[in-house]
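Participant: Take this structure first; my questions come after.
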Amino acid sequence: MSAPTEADRRPLLRALFDAAVAAAQPALCLPAHLPEKPAGRTLVIGAGKASAAMARALEQHWDGPLQGLVVTRYGYGVPCERIEIVEAAHPVPDAAGLRAAERIRALVSDLRADDLVIALISGGGSSLLVAPGPGLTLADKQAVNTALLESGATISEMNCVRRHLSALKGGRLAAACHPARLVSLLISDVPGDNPIDIASGPTVADPTTCADALAIVQRYRIALPPAVRALLASGAGESVKPLDPRLARSETRIITAPQIALEAAAQVARDAGITPYILGNSLEGEAREVGKTLAGIARQVALHGQPFRPPCVLLSGGETTVTLKGRGRGGRNVECLLSLAIALDGLPGVHAIAGDTDGVDGVEEIAGACAAPDTLARAWALGLRPRASLDDNDGHGFFQALGDSVVTGPTLTNVNDFRAVLIEGPAAR
């Protein structure tokens, strides 16, 4: 690997990313949102990549009786004393997730009006809390989930379909908790922070319909197992709707979200003497197109001081999508970053990082990567072809070969994608 031609900005970029992750840690954001203790039992249930860390934070700040079960991603479990932690597969569900969902449904089956249920919900719960709807099997859910992930559908569209194929999502878990009081504590990982899209909304009412789900399937030409198509076409998979009386004692609290993570990163930039600009916490679209757009903005800033004067850093969050066409190792954040690097074509003074705050971009145990003005030159020197890597959806393979991957291990939280583009301007050339 050739020596960098400019100052290495990876430590600063990594500090921005780490600040975003730290701001979303359950130990920091959960305690202030705990409900008052009930006259009856307190039961904790939950699902998501952050659910185990949320359970531990709850235990540490709850001095009354407590029991429950949450399911998290393999490798994301943490020790708890009163709440059982189960690990299962993500992003494609497995039998461990199915068993956990069945146990959670059994736990809430005999609640009383003076009981309290605290639901700990975070991103990843759509796959981890797998409970096939009427007539469906785990294999059906696995097939649909895989097809959705490869389709290019937005997270909102994917979750609309998932809600109508589940026995627990789309408000059904909340309905099962009736007549107990239910307080859902949510860590948002979705653009717009809509609770119905966080883990496909197991504890909130859902205004969408089976017809909406079927339209999404048809829009992206997703092949469905016969039982799945029959369920959607018949309307038998309809979810729990607003004003359902079983949800009258249900309350939802979002305890942290992408905007909070971006603001934390912005403060780190200020402390480093660099002006931050938050472009948005809910950017969506094809990852490679978002990358090209960010590159265009960065070029205008670097060359013309518009719309911002350098030095500055452009921060953004949200969830991009990848329509898989190649055989590479995927990752929407690294795909976005590779597209950005290609579009910048070595423009001096521009560095970037893109990563998933849960520590997993796509299915790789890699959070994301960093890019610099010499990224393409170093790639060519190694015999890599950047455009070919992009066409093959092989962002991870590309950046790992350069030694520019960002690896965090399990972060125990999830507020979705994080991107920072550092622009030092003409003076840095």
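By order of appearance in the structure tokens: chains A, B, ..., then residues from 1 within every chain, and ligands from 1 in the order shown.
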Can you pull out the residues contacting Asn145 in chain A? Cut-off 12 Å, using only C-alpha atoms, and skip same-chain residues under 2 positions away; I want them as a ChimeraX atom specification.
Facilitator: /A:90-94,126-128,130,132,138-143,147-151,153,155,157-163,165-166,217,222-225,228
Participant: Quick one: residues within 7 Å of range 39-47 of chain A, only C-alpha atoms counted, chain neighbours fewer than 5 positions away excluded, as a tab-separated table (two decimals) with N, CA, C and O atoms, in the first residue's frame?
Facilitator:
```tsv
chain	number	residue	atom	x	y	z
A	65	PRO	N	-39.46	-5.89	41.51
A	65	PRO	CA	-39.49	-7.19	40.85
A	65	PRO	C	-39.52	-7.03	39.33
A	65	PRO	O	-40.13	-6.09	38.80
A	66	LEU	N	-38.86	-7.95	38.64
A	66	LEU	CA	-38.70	-7.81	37.20
A	66	LEU	C	-38.42	-9.18	36.59
A	66	LEU	O	-37.66	-9.97	37.16
A	67	GLN	N	-39.03	-9.47	35.46
A	67	GLN	CA	-38.73	-10.69	34.73
A	67	GLN	C	-39.03	-10.46	33.26
A	67	GLN	O	-39.72	-9.49	32.90
A	68	GLY	N	-38.50	-11.34	32.41
A	68	GLY	CA	-38.82	-11.17	31.01
A	68	GLY	C	-37.84	-11.85	30.08
A	68	GLY	O	-36.95	-12.60	30.50
A	69	LEU	N	-38.00	-11.57	28.78
A	69	LEU	CA	-37.22	-12.20	27.74
A	69	LEU	C	-37.10	-11.24	26.56
A	69	LEU	O	-38.10	-10.67	26.11
A	70	VAL	N	-35.87	-11.06	26.07
A	70	VAL	CA	-35.67	-10.30	24.84
A	70	VAL	C	-34.78	-11.11	23.91
A	70	VAL	O	-33.98	-11.95	24.34
A	71	VAL	N	-34.93	-10.86	22.61
A	71	VAL	CA	-34.15	-11.57	21.61
A	71	VAL	C	-33.31	-10.55	20.83
A	71	VAL	O	-33.81	-9.51	20.40
A	72	THR	N	-32.03	-10.86	20.68
A	72	THR	CA	-31.11	-9.97	19.98
A	72	THR	C	-30.30	-10.76	18.96
A	72	THR	O	-30.41	-11.98	18.86
A	104	ILE	N	-42.10	-15.40	23.86
A	104	ILE	CA	-42.58	-14.06	24.21
A	104	ILE	C	-44.09	-14.00	24.14
A	104	ILE	O	-44.76	-13.43	25.02
A	114	ASP	N	-53.54	-4.78	36.19
A	114	ASP	CA	-52.60	-4.05	37.04
A	114	ASP	C	-51.14	-4.42	36.75
A	114	ASP	O	-50.22	-4.01	37.46
A	115	ASP	N	-50.91	-5.19	35.69
A	115	ASP	CA	-49.55	-5.53	35.29
A	115	ASP	C	-48.98	-4.47	34.34
A	115	ASP	O	-49.74	-3.74	33.68
A	116	LEU	N	-47.67	-4.44	34.25
A	116	LEU	CA	-46.97	-3.53	33.34
A	116	LEU	C	-46.06	-4.35	32.43
A	116	LEU	O	-45.31	-5.21	32.89
A	117	VAL	N	-46.14	-4.07	31.13
A	117	VAL	CA	-45.22	-4.66	30.16
A	117	VAL	C	-44.33	-3.54	29.62
A	117	VAL	O	-44.83	-2.51	29.17
A	118	ILE	N	-43.03	-3.75	29.69
A	118	ILE	CA	-42.08	-2.82	29.07
A	118	ILE	C	-41.48	-3.53	27.87
A	118	ILE	O	-40.82	-4.56	28.00
A	119	ALA	N	-41.75	-2.98	26.68
A	119	ALA	CA	-41.25	-3.57	25.45
A	119	ALA	C	-40.03	-2.79	24.99
A	119	ALA	O	-40.08	-1.56	24.84
A	120	LEU	N	-38.93	-3.48	24.79
A	120	LEU	CA	-37.66	-2.88	24.37
A	120	LEU	C	-37.45	-3.21	22.90
A	120	LEU	O	-37.11	-4.34	22.54
A	121	ILE	N	-37.66	-2.24	22.03
A	121	ILE	CA	-37.70	-2.48	20.60
A	121	ILE	C	-36.63	-1.64	19.90
A	121	ILE	O	-36.52	-0.43	20.13
A	122	SER	N	-35.86	-2.28	19.03
A	122	SER	CA	-34.86	-1.56	18.26
A	122	SER	C	-34.72	-2.20	16.88
A	122	SER	O	-35.31	-3.25	16.60
A	125	GLY	N	-35.35	-5.97	14.87
A	125	GLY	CA	-36.43	-6.76	15.44
A	125	GLY	C	-37.32	-7.42	14.40
A	125	GLY	O	-37.97	-8.43	14.69
A	128	LEU	N	-35.59	-10.70	13.98
A	128	LEU	CA	-35.38	-11.44	15.22
A	128	LEU	C	-36.68	-11.91	15.87
A	128	LEU	O	-36.71	-12.96	16.50
A	129	LEU	N	-37.74	-11.14	15.71
A	129	LEU	CA	-39.03	-11.51	16.29
A	129	LEU	C	-39.88	-12.15	15.20
A	129	LEU	O	-40.86	-11.59	14.73
```
Participant: Apply DSSP to the structure's backbone, then extract all residues of range 142-372 of chain A labelled strand (DSSP E or B) and return them as a PyMOL selection string.
Facilitator: chain A and resi 166+181-187+250-256+275-283+286+312-318+321+350-356+361+364+368-371
Participant: If you take only C-alpha atoms and a cut-off of 9 Å, which residues of range 216-303 of chain A touch range 183-189 of chain A, and what are their nearest atom pairs and distances in Å to one decimal, in chain and number order, as a tab-separated table?
Facilitator:
```
residue	atom	partner	partner_atom	distance
A:Arg249	CA	A:Val183	CA	8.5
A:Ser250	CA	A:Val183	CA	5.9
A:Glu251	CA	A:Val183	CA	4.8
A:Thr252	CA	A:Ser184	CA	4.7
A:Arg253	CA	A:Leu185	CA	5.1
A:Ile254	CA	A:Leu186	CA	4.6
A:Ile255	CA	A:Ile187	CA	5.8
A:Thr256	CA	A:Ile187	CA	5.2
A:Ala257	CA	A:Ser188	CA	4.8
A:Pro258	CA	A:Asp189	CA	6.7
```
Participant: For the residues in the current selection, export all heavy atoms as a PDB file, in the first residue's frame.
Facilitator:
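Below is the file that was written, part-v2.pdb:
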```
ATOM      1  N   ARG A 249     -54.292   1.160  26.289  1.00  0.00           N
ATOM      2  CA  ARG A 249     -53.361   1.380  27.402  1.00  0.00           C
ATOM      3  C   ARG A 249     -51.907   1.201  26.959  1.00  0.00           C
ATOM      4  O   ARG A 249     -51.041   0.892  27.762  1.00  0.00           O
ATOM      5  CB  ARG A 249     -53.689   0.422  28.545  1.00  0.00           C
ATOM      6  CG  ARG A 249     -55.108   0.556  29.088  1.00  0.00           C
ATOM      7  CD  ARG A 249     -55.285  -0.282  30.338  1.00  0.00           C
ATOM      8  NE  ARG A 249     -54.486   0.247  31.448  1.00  0.00           N
ATOM      9  CZ  ARG A 249     -53.989  -0.491  32.430  1.00  0.00           C
ATOM     10  NH1 ARG A 249     -54.171  -1.813  32.418  1.00  0.00           N
ATOM     11  NH2 ARG A 249     -53.293   0.056  33.401  1.00  0.00           N
ATOM     12  N   SER A 250     -51.664   1.456  25.685  1.00  0.00           N
ATOM     13  CA  SER A 250     -50.332   1.310  25.119  1.00  0.00           C
ATOM     14  C   SER A 250     -49.708   2.686  24.873  1.00  0.00           C
ATOM     15  O   SER A 250     -50.355   3.576  24.319  1.00  0.00           O
ATOM     16  CB  SER A 250     -50.400   0.524  23.807  1.00  0.00           C
ATOM     17  OG  SER A 250     -49.133   0.434  23.205  1.00  0.00           O
ATOM     18  N   GLU A 251     -48.465   2.846  25.276  1.00  0.00           N
ATOM     19  CA  GLU A 251     -47.740   4.113  25.127  1.00  0.00           C
ATOM     20  C   GLU A 251     -46.387   3.841  24.481  1.00  0.00           C
ATOM     21  O   GLU A 251     -45.723   2.857  24.801  1.00  0.00           O
ATOM     22  CB  GLU A 251     -47.537   4.755  26.501  1.00  0.00           C
ATOM     23  CG  GLU A 251     -46.751   6.055  26.478  1.00  0.00           C
ATOM     24  CD  GLU A 251     -46.472   6.577  27.879  1.00  0.00           C
ATOM     25  OE1 GLU A 251     -47.009   6.005  28.854  1.00  0.00           O
ATOM     26  OE2 GLU A 251     -45.691   7.545  27.996  1.00  0.00           O
ATOM     27  N   THR A 252     -45.973   4.720  23.588  1.00  0.00           N
ATOM     28  CA  THR A 252     -44.715   4.550  22.865  1.00  0.00           C
ATOM     29  C   THR A 252     -43.787   5.735  23.118  1.00  0.00           C
ATOM     30  O   THR A 252     -44.208   6.885  23.007  1.00  0.00           O
ATOM     31  CB  THR A 252     -44.975   4.414  21.354  1.00  0.00           C
ATOM     32  OG1 THR A 252     -45.830   3.288  21.117  1.00  0.00           O
ATOM     33  CG2 THR A 252     -43.676   4.241  20.592  1.00  0.00           C
ATOM     34  N   ARG A 253     -42.539   5.431  23.452  1.00  0.00           N
ATOM     35  CA  ARG A 253     -41.546   6.468  23.704  1.00  0.00           C
ATOM     36  C   ARG A 253     -40.284   6.158  22.890  1.00  0.00           C
ATOM     37  O   ARG A 253     -39.669   5.109  23.083  1.00  0.00           O
ATOM     38  CB  ARG A 253     -41.184   6.539  25.194  1.00  0.00           C
ATOM     39  CG  ARG A 253     -42.387   6.721  26.113  1.00  0.00           C
ATOM     40  CD  ARG A 253     -41.981   6.677  27.575  1.00  0.00           C
ATOM     41  NE  ARG A 253     -43.143   6.737  28.462  1.00  0.00           N
ATOM     42  CZ  ARG A 253     -43.074   6.715  29.793  1.00  0.00           C
ATOM     43  NH1 ARG A 253     -41.886   6.617  30.400  1.00  0.00           N
ATOM     44  NH2 ARG A 253     -44.181   6.783  30.522  1.00  0.00           N
ATOM     45  N   ILE A 254     -39.901   7.058  21.999  1.00  0.00           N
ATOM     46  CA  ILE A 254     -38.638   6.915  21.279  1.00  0.00           C
ATOM     47  C   ILE A 254     -37.544   7.516  22.145  1.00  0.00           C
ATOM     48  O   ILE A 254     -37.550   8.711  22.436  1.00  0.00           O
ATOM     49  CB  ILE A 254     -38.704   7.605  19.905  1.00  0.00           C
ATOM     50  CG1 ILE A 254     -39.721   6.880  19.014  1.00  0.00           C
ATOM     51  CG2 ILE A 254     -37.319   7.617  19.244  1.00  0.00           C
ATOM     52  CD1 ILE A 254     -39.871   7.465  17.635  1.00  0.00           C
ATOM     53  N   ILE A 255     -36.591   6.677  22.551  1.00  0.00           N
ATOM     54  CA  ILE A 255     -35.592   7.130  23.526  1.00  0.00           C
ATOM     55  C   ILE A 255     -34.318   7.662  22.884  1.00  0.00           C
ATOM     56  O   ILE A 255     -33.579   8.420  23.511  1.00  0.00           O
ATOM     57  CB  ILE A 255     -35.257   6.005  24.529  1.00  0.00           C
ATOM     58  CG1 ILE A 255     -34.564   4.826  23.846  1.00  0.00           C
ATOM     59  CG2 ILE A 255     -36.521   5.540  25.252  1.00  0.00           C
ATOM     60  CD1 ILE A 255     -34.040   3.781  24.816  1.00  0.00           C
ATOM     61  N   THR A 256     -34.044   7.271  21.652  1.00  0.00           N
ATOM     62  CA  THR A 256     -32.959   7.894  20.897  1.00  0.00           C
ATOM     63  C   THR A 256     -33.188   7.610  19.429  1.00  0.00           C
ATOM     64  O   THR A 256     -33.940   6.704  19.061  1.00  0.00           O
ATOM     65  CB  THR A 256     -31.564   7.405  21.354  1.00  0.00           C
ATOM     66  OG1 THR A 256     -30.556   8.267  20.807  1.00  0.00           O
ATOM     67  CG2 THR A 256     -31.294   5.979  20.916  1.00  0.00           C
ATOM     68  N   ALA A 257     -32.525   8.421  18.570  1.00  0.00           N
ATOM     69  CA  ALA A 257     -32.803   8.372  17.144  1.00  0.00           C
ATOM     70  C   ALA A 257     -31.601   8.907  16.371  1.00  0.00           C
ATOM     71  O   ALA A 257     -30.673   9.484  16.954  1.00  0.00           O
ATOM     72  CB  ALA A 257     -34.057   9.207  16.843  1.00  0.00           C
ATOM     73  N   PRO A 258     -31.596   8.749  15.052  1.00  0.00           N
ATOM     74  CA  PRO A 258     -30.456   9.203  14.254  1.00  0.00           C
ATOM     75  C   PRO A 258     -30.074  10.665  14.466  1.00  0.00           C
ATOM     76  O   PRO A 258     -28.883  10.995  14.450  1.00  0.00           O
ATOM     77  CB  PRO A 258     -30.925   8.946  12.823  1.00  0.00           C
ATOM     78  CG  PRO A 258     -31.834   7.764  12.939  1.00  0.00           C
ATOM     79  CD  PRO A 258     -32.558   7.971  14.239  1.00  0.00           C
TER      80      PRO A 258
END
```
Participant: Write out as a list in words each polymer residue whose atoms come within 7 Å of Gly395 in chain A, counting only C-alpha atoms; drop sequence neighbours fewer than 2 positions from it.
Facilitator: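 Neighbouring residues, sequence-local ones excluded: Arg329, Gly330, Gly331, Val334, Glu335, Leu338, Ser389, Leu390, Asn393, Gly397, Phe398 and Phe399 of chain A.
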Participant: Could you save the residues just selected, with N, CA and C atoms, as a PDB file, in the first residue's frame?
Facilitator:
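After the write, selection_19.pdb holds the following:
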```
ATOM      1  N   ARG A 329     -19.721  -8.710  -1.883  1.00  0.00           N
ATOM      2  CA  ARG A 329     -20.077  -8.898  -0.475  1.00  0.00           C
ATOM      3  C   ARG A 329     -21.007  -7.814   0.044  1.00  0.00           C
ATOM      4  N   GLY A 330     -21.461  -6.941  -0.832  1.00  0.00           N
ATOM      5  CA  GLY A 330     -22.527  -6.007  -0.477  1.00  0.00           C
ATOM      6  C   GLY A 330     -22.145  -4.952   0.531  1.00  0.00           C
ATOM      7  N   GLY A 331     -23.157  -4.477   1.260  1.00  0.00           N
ATOM      8  CA  GLY A 331     -23.005  -3.409   2.242  1.00  0.00           C
ATOM      9  C   GLY A 331     -23.422  -2.079   1.659  1.00  0.00           C
ATOM     10  N   VAL A 334     -20.775   0.865   2.372  1.00  0.00           N
ATOM     11  CA  VAL A 334     -19.558   0.829   1.562  1.00  0.00           C
ATOM     12  C   VAL A 334     -19.874   1.032   0.089  1.00  0.00           C
ATOM     13  N   GLU A 335     -21.054   0.628  -0.351  1.00  0.00           N
ATOM     14  CA  GLU A 335     -21.455   0.908  -1.737  1.00  0.00           C
ATOM     15  C   GLU A 335     -21.603   2.408  -1.947  1.00  0.00           C
ATOM     16  N   LEU A 338     -18.000   3.924  -1.930  1.00  0.00           N
ATOM     17  CA  LEU A 338     -17.251   3.635  -3.148  1.00  0.00           C
ATOM     18  C   LEU A 338     -17.762   4.494  -4.302  1.00  0.00           C
ATOM     19  N   SER A 389     -15.708  -3.107  -9.074  1.00  0.00           N
ATOM     20  CA  SER A 389     -16.111  -3.476  -7.713  1.00  0.00           C
ATOM     21  C   SER A 389     -17.503  -2.950  -7.397  1.00  0.00           C
ATOM     22  N   LEU A 390     -17.792  -1.718  -7.836  1.00  0.00           N
ATOM     23  CA  LEU A 390     -19.113  -1.144  -7.604  1.00  0.00           C
ATOM     24  C   LEU A 390     -20.178  -1.920  -8.375  1.00  0.00           C
ATOM     25  N   ASN A 393     -21.255  -4.975  -6.675  1.00  0.00           N
ATOM     26  CA  ASN A 393     -21.737  -4.777  -5.292  1.00  0.00           C
ATOM     27  C   ASN A 393     -20.717  -5.297  -4.289  1.00  0.00           C
ATOM     28  N   GLY A 397     -15.231  -5.934  -0.234  1.00  0.00           N
ATOM     29  CA  GLY A 397     -14.014  -6.484  -0.790  1.00  0.00           C
ATOM     30  C   GLY A 397     -13.036  -5.392  -1.191  1.00  0.00           C
ATOM     31  N   PHE A 398     -13.551  -4.312  -1.751  1.00  0.00           N
ATOM     32  CA  PHE A 398     -12.718  -3.199  -2.206  1.00  0.00           C
ATOM     33  C   PHE A 398     -12.001  -2.525  -1.037  1.00  0.00           C
ATOM     34  N   PHE A 399     -12.762  -2.086  -0.043  1.00  0.00           N
ATOM     35  CA  PHE A 399     -12.155  -1.327   1.052  1.00  0.00           C
ATOM     36  C   PHE A 399     -11.323  -2.211   1.978  1.00  0.00           C
TER      37      PHE A 399
END
```
Participant: Hey, could you make a per-residue contact list for range 3-60 of chain A against range 269-290 of chain A with 10 Å as the cut-off, showing the nearest pair of atoms and its distance in Å to one decimal, counting only C-alpha atoms, sorted by chain and number, as a tab-separated table?
Facilitator:
```
residue	atom	partner	partner_atom	distance
A:Leu12	CA	A:Ala269	CA	8.3
A:Leu13	CA	A:Ala269	CA	9.1
A:Ala15	CA	A:Ala269	CA	8.9
A:Leu16	CA	A:Ala269	CA	7.1
```
Participant: Let's have the selection written as a JSON list (two decimals), in the first residue's frame, with C-alpha atoms.
Facilitator:
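Resulting contents of part.json:
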```json
[["chain", "number", "residue", "atom", "x", "y", "z"],
["A", 12, "LEU", "CA", -11.03, 12.31, 13.07],
["A", 13, "LEU", "CA", -13.60, 10.56, 10.90],
["A", 15, "ALA", "CA", -14.07, 9.95, 16.23],
["A", 16, "LEU", "CA", -17.18, 11.36, 14.55]]
```
Participant: Residues at most 6 Å from range 169-182 of chain A, counting only C-alpha atoms, excluding those fewer than 5 positions away in the same chain, as number ranges by chain?
Facilitator: A: 108, 111-113, 115-117, 163, 200-206, 239-240, 246, 249-250
Participant: With N, CA, C and O atoms retained, write the just-selected residues as a CSV table (one decimal), in the first residue's frame.
Facilitator:
```csv
chain,number,residue,atom,x,y,z
A,108,VAL,N,-46.9,-13.2,27.5
A,108,VAL,CA,-47.9,-12.1,27.6
A,108,VAL,C,-49.3,-12.6,27.5
A,108,VAL,O,-50.3,-11.9,27.4
A,111,LEU,N,-51.8,-11.9,31.2
A,111,LEU,CA,-51.6,-10.6,32.0
A,111,LEU,C,-52.9,-10.1,32.5
A,111,LEU,O,-54.0,-10.3,32.0
A,112,ARG,N,-52.7,-9.3,33.6
A,112,ARG,CA,-53.9,-8.6,34.2
A,112,ARG,C,-53.8,-7.1,34.1
A,112,ARG,O,-52.8,-6.6,33.7
A,113,ALA,N,-54.9,-6.4,34.4
A,113,ALA,CA,-55.0,-5.0,34.2
A,113,ALA,C,-54.0,-4.2,35.0
A,113,ALA,O,-53.6,-3.1,34.7
A,115,ASP,N,-50.9,-5.2,35.7
A,115,ASP,CA,-49.5,-5.5,35.3
A,115,ASP,C,-49.0,-4.5,34.3
A,115,ASP,O,-49.7,-3.7,33.7
A,116,LEU,N,-47.7,-4.4,34.2
A,116,LEU,CA,-47.0,-3.5,33.3
A,116,LEU,C,-46.1,-4.4,32.4
A,116,LEU,O,-45.3,-5.2,32.9
A,117,VAL,N,-46.1,-4.1,31.1
A,117,VAL,CA,-45.2,-4.7,30.2
A,117,VAL,C,-44.3,-3.5,29.6
A,117,VAL,O,-44.8,-2.5,29.2
A,163,ARG,N,-45.1,-6.7,8.1
A,163,ARG,CA,-46.1,-6.6,9.1
A,163,ARG,C,-47.3,-7.4,8.8
A,163,ARG,O,-48.1,-7.9,9.7
A,200,SER,N,-40.7,-3.3,12.4
A,200,SER,CA,-42.0,-3.5,11.8
A,200,SER,C,-43.2,-3.4,12.8
A,200,SER,O,-44.3,-4.0,12.6
A,201,GLY,N,-43.0,-2.5,13.8
A,201,GLY,CA,-44.1,-2.1,14.7
A,201,GLY,C,-44.8,-3.1,15.4
A,201,GLY,O,-46.1,-3.2,15.3
A,202,PRO,N,-44.2,-4.0,16.2
A,202,PRO,CA,-45.0,-5.0,16.9
A,202,PRO,C,-45.9,-4.5,18.0
A,202,PRO,O,-46.9,-5.2,18.4
A,203,THR,N,-45.6,-3.3,18.5
A,203,THR,CA,-46.4,-2.8,19.6
A,203,THR,C,-47.2,-1.5,19.3
A,203,THR,O,-47.6,-0.8,20.2
A,204,VAL,N,-47.3,-1.2,18.0
A,204,VAL,CA,-48.1,0.0,17.6
A,204,VAL,C,-49.1,-0.3,16.5
A,204,VAL,O,-48.9,-1.3,15.7
A,205,ALA,N,-50.1,0.5,16.4
A,205,ALA,CA,-51.1,0.3,15.4
A,205,ALA,C,-50.6,0.5,14.0
A,205,ALA,O,-49.7,1.3,13.8
A,206,ASP,N,-51.1,-0.1,13.1
A,206,ASP,CA,-50.7,-0.1,11.7
A,206,ASP,C,-51.8,0.4,10.7
A,206,ASP,O,-52.7,-0.4,10.5
A,239,SER,N,-53.3,-6.3,9.8
A,239,SER,CA,-52.7,-6.0,11.1
A,239,SER,C,-53.7,-5.2,12.0
A,239,SER,O,-54.8,-5.0,11.6
A,240,VAL,N,-53.2,-4.9,13.2
A,240,VAL,CA,-54.0,-4.2,14.2
A,240,VAL,C,-54.1,-2.7,13.8
A,240,VAL,O,-53.1,-2.0,13.6
A,246,ARG,N,-57.8,-2.7,22.2
A,246,ARG,CA,-56.8,-3.4,22.9
A,246,ARG,C,-55.5,-2.6,23.0
A,246,ARG,O,-54.6,-3.0,23.8
A,249,ARG,N,-54.3,1.2,26.3
A,249,ARG,CA,-53.4,1.4,27.4
A,249,ARG,C,-51.9,1.2,27.0
A,249,ARG,O,-51.0,0.9,27.8
A,250,SER,N,-51.7,1.5,25.7
A,250,SER,CA,-50.3,1.3,25.1
A,250,SER,C,-49.7,2.7,24.9
A,250,SER,O,-50.4,3.6,24.3
```
Participant: Considering only C-alpha atoms, state which residue in the set A:Ser339, A:Gln400, A:Gln60, A:Gln300 is at the smallest distance from Pro386 in chain A.
Facilitator: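 Under the stated criterion, the closest residue is A:Ser339.
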Participant: If you measure from CA of Phe418 in chain A to CA of Phe17 in chain A, what distance in Å do you get, rounded to one decimal?
Facilitator: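 Pair CA of Phe418 in chain A / CA of Phe17 in chain A returns 7.0 Å.
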Participant: Neighbours of Ala302 in chain A within 6 Å (only C-alpha atoms; same-chain residues fewer than 3 positions away dropped), as a PDB file with N, CA, C and O atoms, in the first residue's frame?
Facilitator:
```
ATOM      1  N   ARG A 299     -17.858  18.466  -3.947  1.00  0.00           N
ATOM      2  CA  ARG A 299     -17.069  19.128  -4.983  1.00  0.00           C
ATOM      3  C   ARG A 299     -17.394  20.624  -5.047  1.00  0.00           C
ATOM      4  O   ARG A 299     -16.496  21.463  -5.169  1.00  0.00           O
ATOM      5  N   GLY A 305     -16.765  26.940  -2.479  1.00  0.00           N
ATOM      6  CA  GLY A 305     -17.232  27.448  -1.189  1.00  0.00           C
ATOM      7  C   GLY A 305     -18.732  27.601  -1.113  1.00  0.00           C
ATOM      8  O   GLY A 305     -19.239  28.433  -0.362  1.00  0.00           O
ATOM      9  N   GLY A 425     -10.998  21.926   1.639  1.00  0.00           N
ATOM     10  CA  GLY A 425     -11.012  23.059   0.738  1.00  0.00           C
ATOM     11  C   GLY A 425      -9.734  23.261  -0.053  1.00  0.00           C
ATOM     12  O   GLY A 425      -8.752  22.540   0.108  1.00  0.00           O
TER      13      GLY A 425
END
```
Participant: Find the residues of range 342-414 of chain A that sit at most 12 Å from range 307-317 of chain A; for each, write down the nearest two atoms and how far apart they are in Å, to one decimal. Count only C-alpha atoms. Sort by chain, then by number going up, and give it as CSV.
Facilitator:
```
residue,atom,partner,partner_atom,distance
A:Gly349,CA,A:Pro311,CA,9.2
A:Val350,CA,A:Val313,CA,9.5
A:His351,CA,A:Val313,CA,9.3
A:Ala352,CA,A:Val313,CA,9.0
A:Ile353,CA,A:Leu315,CA,9.8
A:Ala354,CA,A:Gly317,CA,9.4
A:Gly355,CA,A:Gly317,CA,9.7
A:Asp356,CA,A:Gly317,CA,9.4
A:Thr357,CA,A:Gly317,CA,9.9
A:Asn414,CA,A:Gly317,CA,11.7
```
Participant: Suppose we keep all heavy atoms; can you now write the selection as a short mmCIF file (atom, residue, chain, number, x, y, z; two decimals), in the first residue's frame?
Facilitator:
```cif
data_model
loop_
_atom_site.label_atom_id
_atom_site.label_comp_id
_atom_site.auth_asym_id
_atom_site.auth_seq_id
_atom_site.Cartn_x
_atom_site.Cartn_y
_atom_site.Cartn_z
N GLY A 349 -8.32 17.11 -0.65
CA GLY A 349 -8.94 17.76 0.49
C GLY A 349 -10.29 17.22 0.91
O GLY A 349 -10.95 17.81 1.77
N VAL A 350 -10.74 16.10 0.32
CA VAL A 350 -12.04 15.54 0.67
C VAL A 350 -11.85 14.11 1.19
O VAL A 350 -11.30 13.26 0.50
CB VAL A 350 -13.02 15.54 -0.52
CG1 VAL A 350 -14.38 14.98 -0.08
CG2 VAL A 350 -13.18 16.94 -1.08
N HIS A 351 -12.30 13.87 2.40
CA HIS A 351 -12.21 12.56 3.06
C HIS A 351 -13.61 12.19 3.54
O HIS A 351 -14.44 13.07 3.80
CB HIS A 351 -11.27 12.61 4.25
CG HIS A 351 -9.89 13.11 3.91
ND1 HIS A 351 -8.79 12.28 3.89
CD2 HIS A 351 -9.44 14.35 3.59
CE1 HIS A 351 -7.71 12.98 3.57
NE2 HIS A 351 -8.08 14.24 3.39
N ALA A 352 -13.88 10.90 3.69
CA ALA A 352 -15.23 10.50 4.09
C ALA A 352 -15.23 9.19 4.86
O ALA A 352 -14.30 8.38 4.75
CB ALA A 352 -16.13 10.37 2.86
N ILE A 353 -16.28 8.99 5.62
CA ILE A 353 -16.55 7.73 6.31
C ILE A 353 -18.04 7.42 6.15
O ILE A 353 -18.88 8.33 6.11
CB ILE A 353 -16.18 7.81 7.81
CG1 ILE A 353 -16.29 6.43 8.47
CG2 ILE A 353 -17.03 8.84 8.55
CD1 ILE A 353 -15.74 6.40 9.91
N ALA A 354 -18.35 6.16 6.00
CA ALA A 354 -19.74 5.71 5.98
C ALA A 354 -19.81 4.38 6.71
O ALA A 354 -18.99 3.49 6.47
CB ALA A 354 -20.25 5.56 4.55
N GLY A 355 -20.77 4.26 7.61
CA GLY A 355 -20.88 3.03 8.37
C GLY A 355 -22.25 2.88 9.00
O GLY A 355 -22.99 3.85 9.13
N ASP A 356 -22.55 1.66 9.37
CA ASP A 356 -23.80 1.38 10.08
C ASP A 356 -23.51 1.39 11.57
O ASP A 356 -22.59 0.73 12.04
CB ASP A 356 -24.37 0.02 9.66
CG ASP A 356 -25.85 -0.11 10.01
OD1 ASP A 356 -26.22 0.30 11.13
OD2 ASP A 356 -26.61 -0.61 9.18
N THR A 357 -24.31 2.12 12.32
CA THR A 357 -24.06 2.29 13.75
C THR A 357 -24.25 1.02 14.55
O THR A 357 -23.90 0.98 15.74
CB THR A 357 -24.96 3.39 14.33
OG1 THR A 357 -26.33 3.09 14.02
CG2 THR A 357 -24.61 4.76 13.75
N ASN A 414 -28.32 0.79 17.59
CA ASN A 414 -28.60 0.84 16.15
C ASN A 414 -29.46 2.06 15.84
O ASN A 414 -30.66 2.07 16.08
CB ASN A 414 -29.33 -0.43 15.71
CG ASN A 414 -29.58 -0.46 14.21
OD1 ASN A 414 -28.98 0.30 13.46
ND2 ASN A 414 -30.47 -1.34 13.77
#
```
